[in-house]
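Coordinates as given in run17.cif (mmCIF, C-alpha atoms):
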data_upload
loop_
_atom_site.label_atom_id
_atom_site.label_comp_id
_atom_site.auth_asym_id
_atom_site.auth_seq_id
_atom_site.Cartn_x
_atom_site.Cartn_y
_atom_site.Cartn_z
CA MET A 9 0.00 0.00 0.00
CA ALA A 10 2.82 2.38 0.87
CA PHE A 11 4.47 1.68 -2.50
CA LEU A 12 1.15 2.15 -4.31
CA GLY A 13 0.54 5.46 -2.51
CA LEU A 14 4.05 6.66 -3.38
CA PHE A 15 3.51 5.62 -7.00
CA LEU A 16 0.23 7.53 -7.20
CA VAL A 17 1.79 10.66 -5.68
CA GLY A 18 4.61 10.48 -8.20
CA PHE A 19 2.23 9.91 -11.09
CA LEU A 20 -0.02 12.80 -10.10
CA ALA A 21 2.96 15.12 -9.69
CA THR A 22 4.17 14.19 -13.18
CA ALA A 23 0.68 14.63 -14.63
CA SER A 24 0.40 18.02 -12.95
CA PHE A 25 3.69 19.15 -14.51
CA VAL A 26 2.67 17.95 -17.97
CA CYS A 27 -0.95 19.12 -17.94
CA GLY A 28 -0.83 22.04 -15.51
CA ASP A 29 0.86 25.43 -15.64
CA GLY A 30 3.99 24.03 -17.34
CA GLY A 31 6.41 26.00 -15.20
CA GLY A 32 4.61 29.29 -14.66
CA TRP A 33 2.03 29.18 -17.44
CA THR A 34 -1.53 30.28 -16.56
CA ASN A 35 -4.72 29.69 -18.51
CA ALA A 36 -6.62 32.63 -20.03
CA HIS A 37 -8.41 33.68 -23.22
CA ALA A 38 -7.54 36.17 -25.94
CA THR A 39 -9.46 38.28 -28.44
CA PHE A 40 -8.32 41.16 -30.67
CA TYR A 41 -9.17 44.78 -31.43
CA GLY A 42 -7.83 47.86 -33.18
CA GLY A 43 -8.05 46.85 -36.84
CA SER A 44 -5.54 45.25 -39.19
CA ASP A 45 -3.10 48.16 -38.76
CA ALA A 46 -3.63 48.34 -34.97
CA SER A 47 -4.53 52.04 -35.29
CA GLY A 48 -7.40 51.51 -32.85
CA THR A 49 -4.96 50.50 -30.10
CA MET A 50 -3.29 53.91 -29.91
CA GLY A 51 -3.73 55.92 -26.73
CA GLY A 52 -5.23 53.72 -24.06
CA ALA A 53 -5.52 53.59 -20.30
CA CYS A 54 -1.77 53.46 -19.68
CA GLY A 55 -1.25 56.88 -21.25
CA TYR A 56 1.41 55.82 -23.73
CA GLY A 57 -0.18 57.67 -26.65
CA ASN A 58 1.29 56.68 -30.02
CA LEU A 59 2.49 53.12 -29.48
CA TYR A 60 4.61 53.23 -32.63
CA SER A 61 6.63 56.28 -31.62
CA GLN A 62 6.94 54.95 -28.07
CA GLY A 63 8.53 51.76 -29.39
CA TYR A 64 5.80 49.30 -28.44
CA GLY A 65 4.52 48.78 -31.99
CA THR A 66 1.72 46.27 -32.45
CA ASN A 67 2.89 43.76 -29.83
CA THR A 68 0.45 45.12 -27.28
CA ALA A 69 -2.50 44.03 -25.18
CA ALA A 70 -5.39 45.43 -23.20
CA LEU A 71 -5.72 43.56 -19.91
CA SER A 72 -8.88 42.50 -18.10
CA THR A 73 -9.65 43.87 -14.64
CA ALA A 74 -8.06 40.84 -12.94
CA LEU A 75 -4.73 41.53 -14.67
CA PHE A 76 -4.75 45.33 -15.06
CA ASN A 77 -4.44 45.98 -11.33
CA ASN A 78 -5.85 49.52 -11.59
CA GLY A 79 -3.08 50.48 -14.01
CA LEU A 80 -0.14 49.19 -12.00
CA SER A 81 0.40 46.45 -14.62
CA CYS A 82 1.00 49.00 -17.39
CA GLY A 83 4.32 48.23 -19.07
CA SER A 84 4.52 44.60 -17.94
CA CYS A 85 5.30 41.94 -20.54
CA TYR A 86 3.69 38.57 -21.20
CA GLU A 87 4.51 35.60 -23.36
CA ILE A 88 1.30 34.13 -24.79
CA ARG A 89 0.62 30.98 -26.78
CA CYS A 90 -2.63 29.61 -28.17
CA ALA A 91 -3.79 26.45 -26.40
CA GLY A 92 -6.45 23.83 -26.93
CA ASP A 93 -8.20 25.08 -30.08
CA LYS A 94 -7.03 22.84 -32.92
CA GLN A 95 -9.09 24.75 -35.49
CA GLY A 96 -8.17 28.28 -34.43
CA CYS A 97 -4.66 28.06 -32.98
CA LEU A 98 -1.34 28.61 -34.73
CA PRO A 99 2.01 27.34 -33.42
CA GLY A 100 4.49 29.51 -31.59
CA SER A 101 4.21 32.29 -29.02
CA ILE A 102 4.23 36.07 -28.85
CA VAL A 103 5.50 38.61 -26.32
CA VAL A 104 3.28 41.62 -25.69
CA THR A 105 3.33 44.73 -23.49
CA ALA A 106 0.34 45.79 -21.41
CA THR A 107 -0.71 49.18 -22.80
CA ASN A 108 -4.45 49.37 -22.24
CA PHE A 109 -7.43 48.24 -20.14
CA CYS A 110 -10.15 45.89 -21.38
CA PRO A 111 -13.21 47.01 -19.41
CA PRO A 112 -15.81 44.58 -18.11
CA ASN A 113 -19.21 44.28 -19.73
CA ASN A 114 -21.49 43.26 -16.92
CA ALA A 115 -24.49 43.17 -19.23
CA LEU A 116 -23.09 40.04 -20.85
CA PRO A 117 -22.20 36.69 -19.26
CA ASN A 118 -18.53 35.85 -18.79
CA ASN A 119 -18.66 33.11 -21.43
CA ALA A 120 -20.62 35.06 -24.05
CA GLY A 121 -19.18 38.51 -24.62
CA GLY A 122 -18.17 39.50 -21.10
CA TRP A 123 -14.66 38.23 -21.73
CA CYS A 124 -13.01 40.90 -19.56
CA ASN A 125 -15.38 40.59 -16.62
CA PRO A 126 -13.81 39.78 -13.23
CA PRO A 127 -12.40 37.37 -12.30
CA LEU A 128 -11.41 36.32 -15.83
CA HIS A 129 -7.82 36.55 -17.05
CA HIS A 130 -8.14 37.94 -20.55
CA PHE A 131 -5.93 39.59 -23.17
CA ASP A 132 -7.47 41.79 -25.85
CA LEU A 133 -4.58 41.79 -28.32
CA SER A 134 -3.89 44.05 -31.25
CA GLN A 135 -5.18 42.30 -34.36
CA PRO A 136 -1.74 41.90 -36.03
CA VAL A 137 -0.19 40.15 -33.04
CA PHE A 138 -3.30 38.01 -32.41
CA GLN A 139 -2.94 36.64 -35.94
CA HIS A 140 0.55 35.37 -35.08
CA ILE A 141 -0.96 32.80 -32.70
CA ALA A 142 -4.52 32.28 -34.00
CA GLN A 143 -6.71 32.42 -37.05
CA TYR A 144 -8.64 35.67 -37.58
CA ARG A 145 -11.91 33.73 -37.89
CA ALA A 146 -11.43 32.19 -34.42
CA GLY A 147 -12.34 35.48 -32.75
CA ILE A 148 -11.59 34.24 -29.25
CA VAL A 149 -9.16 31.47 -28.31
CA PRO A 150 -7.93 29.82 -25.13
CA VAL A 151 -4.32 30.76 -24.34
CA SER A 152 -1.60 30.13 -21.81
CA TYR A 153 0.53 33.04 -20.59
CA ARG A 154 3.39 33.88 -18.27
CA ARG A 155 5.15 37.06 -17.16
CA VAL A 156 8.51 37.61 -18.85
CA ALA A 157 11.17 40.28 -18.73
CA CYS A 158 10.70 43.22 -21.08
CA ASN A 159 13.45 43.87 -23.62
CA ARG A 160 13.82 47.51 -24.61
CA LYS A 161 16.18 49.52 -26.78
CA GLY A 162 17.76 52.58 -25.21
CA GLY A 163 17.04 54.07 -21.82
CA ILE A 164 13.88 54.70 -19.84
CA ARG A 165 12.08 57.67 -21.37
CA PHE A 166 10.59 60.56 -19.42
CA THR A 167 8.10 62.86 -21.16
CA ILE A 168 7.57 66.01 -19.11
CA ASN A 169 4.14 67.63 -19.37
CA GLY A 170 2.22 70.07 -17.20
CA HIS A 171 3.21 73.58 -16.11
CA SER A 172 4.96 75.35 -13.23
CA PHE A 173 4.09 73.70 -9.91
CA PHE A 174 2.57 70.72 -11.76
CA ASN A 175 4.99 68.27 -13.35
CA LEU A 176 3.30 65.34 -15.08
CA VAL A 177 5.89 62.81 -16.23
CA LEU A 178 5.03 59.91 -18.52
CA VAL A 179 7.45 57.01 -17.93
CA THR A 180 7.90 54.66 -20.91
CA ASN A 181 10.31 52.13 -22.43
CA VAL A 182 11.03 50.38 -19.12
CA ALA A 183 12.94 47.10 -19.38
CA GLY A 184 13.00 44.25 -16.88
CA ALA A 185 9.74 43.93 -14.95
CA GLY A 186 8.38 46.86 -16.98
CA ASP A 187 5.64 47.89 -14.55
CA VAL A 188 6.65 50.96 -12.55
CA ARG A 189 5.56 51.11 -8.91
CA THR A 190 7.30 54.25 -7.61
CA VAL A 191 8.96 57.29 -9.15
CA SER A 192 10.94 60.06 -7.47
CA ILE A 193 12.23 63.29 -9.01
CA LYS A 194 15.11 65.54 -8.00
CA GLY A 195 16.02 68.98 -9.26
CA SER A 196 19.59 70.21 -9.23
CA ARG A 197 18.65 72.47 -6.29
CA THR A 198 16.38 70.03 -4.41
CA GLY A 199 16.53 66.65 -2.74
CA TRP A 200 14.59 63.60 -3.88
CA GLN A 201 10.82 64.11 -3.92
CA PRO A 202 8.28 61.30 -4.36
CA MET A 203 5.87 61.47 -7.27
CA SER A 204 2.30 60.17 -7.08
CA ARG A 205 0.69 58.17 -9.85
CA ASN A 206 -1.88 60.30 -11.66
CA TRP A 207 -3.13 57.66 -14.12
CA GLY A 208 -1.59 54.85 -16.15
CA GLN A 209 2.14 55.53 -16.12
CA ASN A 210 1.80 59.30 -15.67
CA TRP A 211 3.40 60.49 -12.45
CA GLN A 212 2.95 63.92 -10.88
CA ASN A 213 4.80 66.30 -8.58
CA ASN A 214 3.76 69.81 -7.52
CA ALA A 215 7.16 71.44 -7.06
CA ASN A 216 8.45 74.26 -9.25
CA LEU A 217 11.49 72.67 -10.90
CA ASN A 218 11.84 75.07 -13.83
CA GLY A 219 15.43 75.89 -14.73
CA GLN A 220 16.86 72.87 -12.91
CA SER A 221 18.33 69.70 -14.35
CA LEU A 222 16.13 66.75 -13.42
CA SER A 223 17.01 63.30 -12.14
CA PHE A 224 14.59 60.39 -11.81
CA LYS A 225 14.48 57.30 -9.61
CA VAL A 226 12.30 54.46 -10.92
CA THR A 227 11.35 51.30 -9.01
CA THR A 228 9.53 48.39 -10.65
CA SER A 229 7.34 45.62 -9.19
CA ASP A 230 10.32 43.32 -8.62
CA GLY A 231 11.84 45.86 -6.20
CA ARG A 232 14.70 46.89 -8.48
CA THR A 233 15.56 50.58 -8.79
CA VAL A 234 17.35 52.57 -11.48
CA VAL A 235 18.52 56.16 -11.02
CA SER A 236 18.81 58.45 -14.05
CA ASN A 237 20.97 61.35 -12.93
CA ASN A 238 20.50 64.65 -14.79
CA ALA A 239 18.35 62.99 -17.45
CA ALA A 240 16.85 66.37 -18.37
CA PRO A 241 19.19 69.38 -18.67
CA ALA A 242 18.46 72.67 -16.92
CA GLY A 243 16.97 74.11 -20.10
CA TRP A 244 14.24 71.48 -20.48
CA SER A 245 10.75 72.51 -21.60
CA PHE A 246 7.32 70.99 -21.08
CA GLY A 247 6.45 68.57 -23.86
CA GLN A 248 9.99 67.25 -24.26
CA THR A 249 11.13 63.65 -23.81
CA PHE A 250 14.47 62.61 -22.33
CA ALA A 251 16.16 59.21 -22.05
CA GLY A 252 17.79 58.02 -18.85
CA ALA A 253 19.39 54.85 -17.53
CA GLN A 254 17.88 51.39 -18.03
CA PHE A 255 17.33 48.14 -16.13
CA ARG A 256 19.88 45.50 -17.15
#

How does this structure look as structure tokens?
Amino acid sequence: MAFLGLFLVGFLATASFVCGDGGGWTNAHATFYGGSDASGTMGGACGYGNLYSQGYGTNTAALSTALFNNGLSCGSCYEIRCAGDKQGCLPGSIVVTATNFCPPNNALPNNAGGWCNPPLHHFDLSQPVFQHIAQYRAGIVPVSYRRVACNRKGGIRFTINGHSFFNLVLVTNVAGAGDVRTVSIKGSRTGWQPMSRNWGQNWQNNANLNGQSLSFKVTTSDGRTVVSNNAAPAGWSFGQTFAGAQFR
């Protein structure tokens, strides 16, 4: 009996590894939006604006409530593969960045149109990237996903908007974990000052920092921090974007 029990435990553990999350994979579903050129994905709840000029391209996704985390997941990256739909799935996987929110539709049931309703894990992908893992005609497919590190070219980018006594900084192009949790700003004549998240990845501070070079301290969800000293020169103007250091 002891041997039989040990055998069953071993068998079930093996079956769980083969049929379960596969080393970090989680089950979800995916749909698509934005048109064949992904023009309808521009803007979005993360505040990134033009996803082409920001470097995200069409490898983007809107996340359901369960994944979006009130905007804290903006910038995070996911590897996604189609799973279990022999008619609709294509081989291979994609890596996407979270750039938008897929709102719930409580008027529809979770399995018939309310794909992004809590507690569902759902990715509304740009149409071009969806068609890398599934047939267009499938519409919605079961997928498996896992968090992965974000690969970016160049440094973290800081776009400074607002006016005197209101600095609104959009933080983009973040490598590593990708999802920013805290930002601090320092003028050349001040110490470090915390910024509060306004919306998406827009961070605000109410100090008058005009005429000072600006440094930024960015911390992501994995607890790592990067400091970009003097990323913006003293002559910066609102509306400009500056590149800083990067997670390695």

Response to the item:
The distance between CA of Phe255 in chain A and CA of Ile164 in chain A is 8.3 Å

Worksheet item: Can you list what the PyMOL selection byres ((chain A and resi 188) around 12) grabs from this structure, as a PyMOL selection string?
Response: chain A and resi 54+79-84+164+178-187+189-192+203-205+207-211+225-234+255

Discussion item. Env of Ile88 in chain A: 12 Å cut, atoms = all atoms listed in the file, seq-sep filter 4 positions within chain, self excluded. Answer as a VMD selection string.
Written reply: chain A and resid 32 to 38 67 to 69 97 to 105 130 to 133 137 to 138 140 to 142 149 to 156

How would the residues just picked look written out with C-alpha atoms as a compact mmCIF listing (two decimals), in the frame of the given file?
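Output saved as part-v5.txt:
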# COMPACT_ATOMS: atom_id res chain seq x y z
CA GLY A 32 4.61 29.29 -14.66
CA TRP A 33 2.03 29.18 -17.44
CA THR A 34 -1.53 30.28 -16.56
CA ASN A 35 -4.72 29.69 -18.51
CA ALA A 36 -6.62 32.63 -20.03
CA HIS A 37 -8.41 33.68 -23.22
CA ALA A 38 -7.54 36.17 -25.94
CA ASN A 67 2.89 43.76 -29.83
CA THR A 68 0.45 45.12 -27.28
CA ALA A 69 -2.50 44.03 -25.18
CA CYS A 97 -4.66 28.06 -32.98
CA LEU A 98 -1.34 28.61 -34.73
CA PRO A 99 2.01 27.34 -33.42
CA GLY A 100 4.49 29.51 -31.59
CA SER A 101 4.21 32.29 -29.02
CA ILE A 102 4.23 36.07 -28.85
CA VAL A 103 5.50 38.61 -26.32
CA VAL A 104 3.28 41.62 -25.69
CA THR A 105 3.33 44.73 -23.49
CA HIS A 130 -8.14 37.94 -20.55
CA PHE A 131 -5.93 39.59 -23.17
CA ASP A 132 -7.47 41.79 -25.85
CA LEU A 133 -4.58 41.79 -28.32
CA VAL A 137 -0.19 40.15 -33.04
CA PHE A 138 -3.30 38.01 -32.41
CA HIS A 140 0.55 35.37 -35.08
CA ILE A 141 -0.96 32.80 -32.70
CA ALA A 142 -4.52 32.28 -34.00
CA VAL A 149 -9.16 31.47 -28.31
CA PRO A 150 -7.93 29.82 -25.13
CA VAL A 151 -4.32 30.76 -24.34
CA SER A 152 -1.60 30.13 -21.81
CA TYR A 153 0.53 33.04 -20.59
CA ARG A 154 3.39 33.88 -18.27
CA ARG A 155 5.15 37.06 -17.16
CA VAL A 156 8.51 37.61 -18.85

Worksheet, complete the sentence: The distance between CA of Gln143 in chain A and CA of Gly48 in chain A is 19.6 Å

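Our summary of the geometry notes that CA of Gly42 in chain A is positioned 21.1 Å from CA of Leu116 in chain A.
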
Discussion item. Please expand the PyMOL selection byres ((chain A and resi 216-224) around 9) into the concrete residues it hits in this file, giving the result as a ChimeraX atom specification.
Written reply: /A:166,171-175,191-198,200,213-215,225-226,234-245,252

Item to complete: Check what the PyMOL selection byres ((chain A and resi 111) around 7) selects in the file above and give those residues as a ChimeraX atom specification.
Response: /A:72-73,109-110,112-113,124
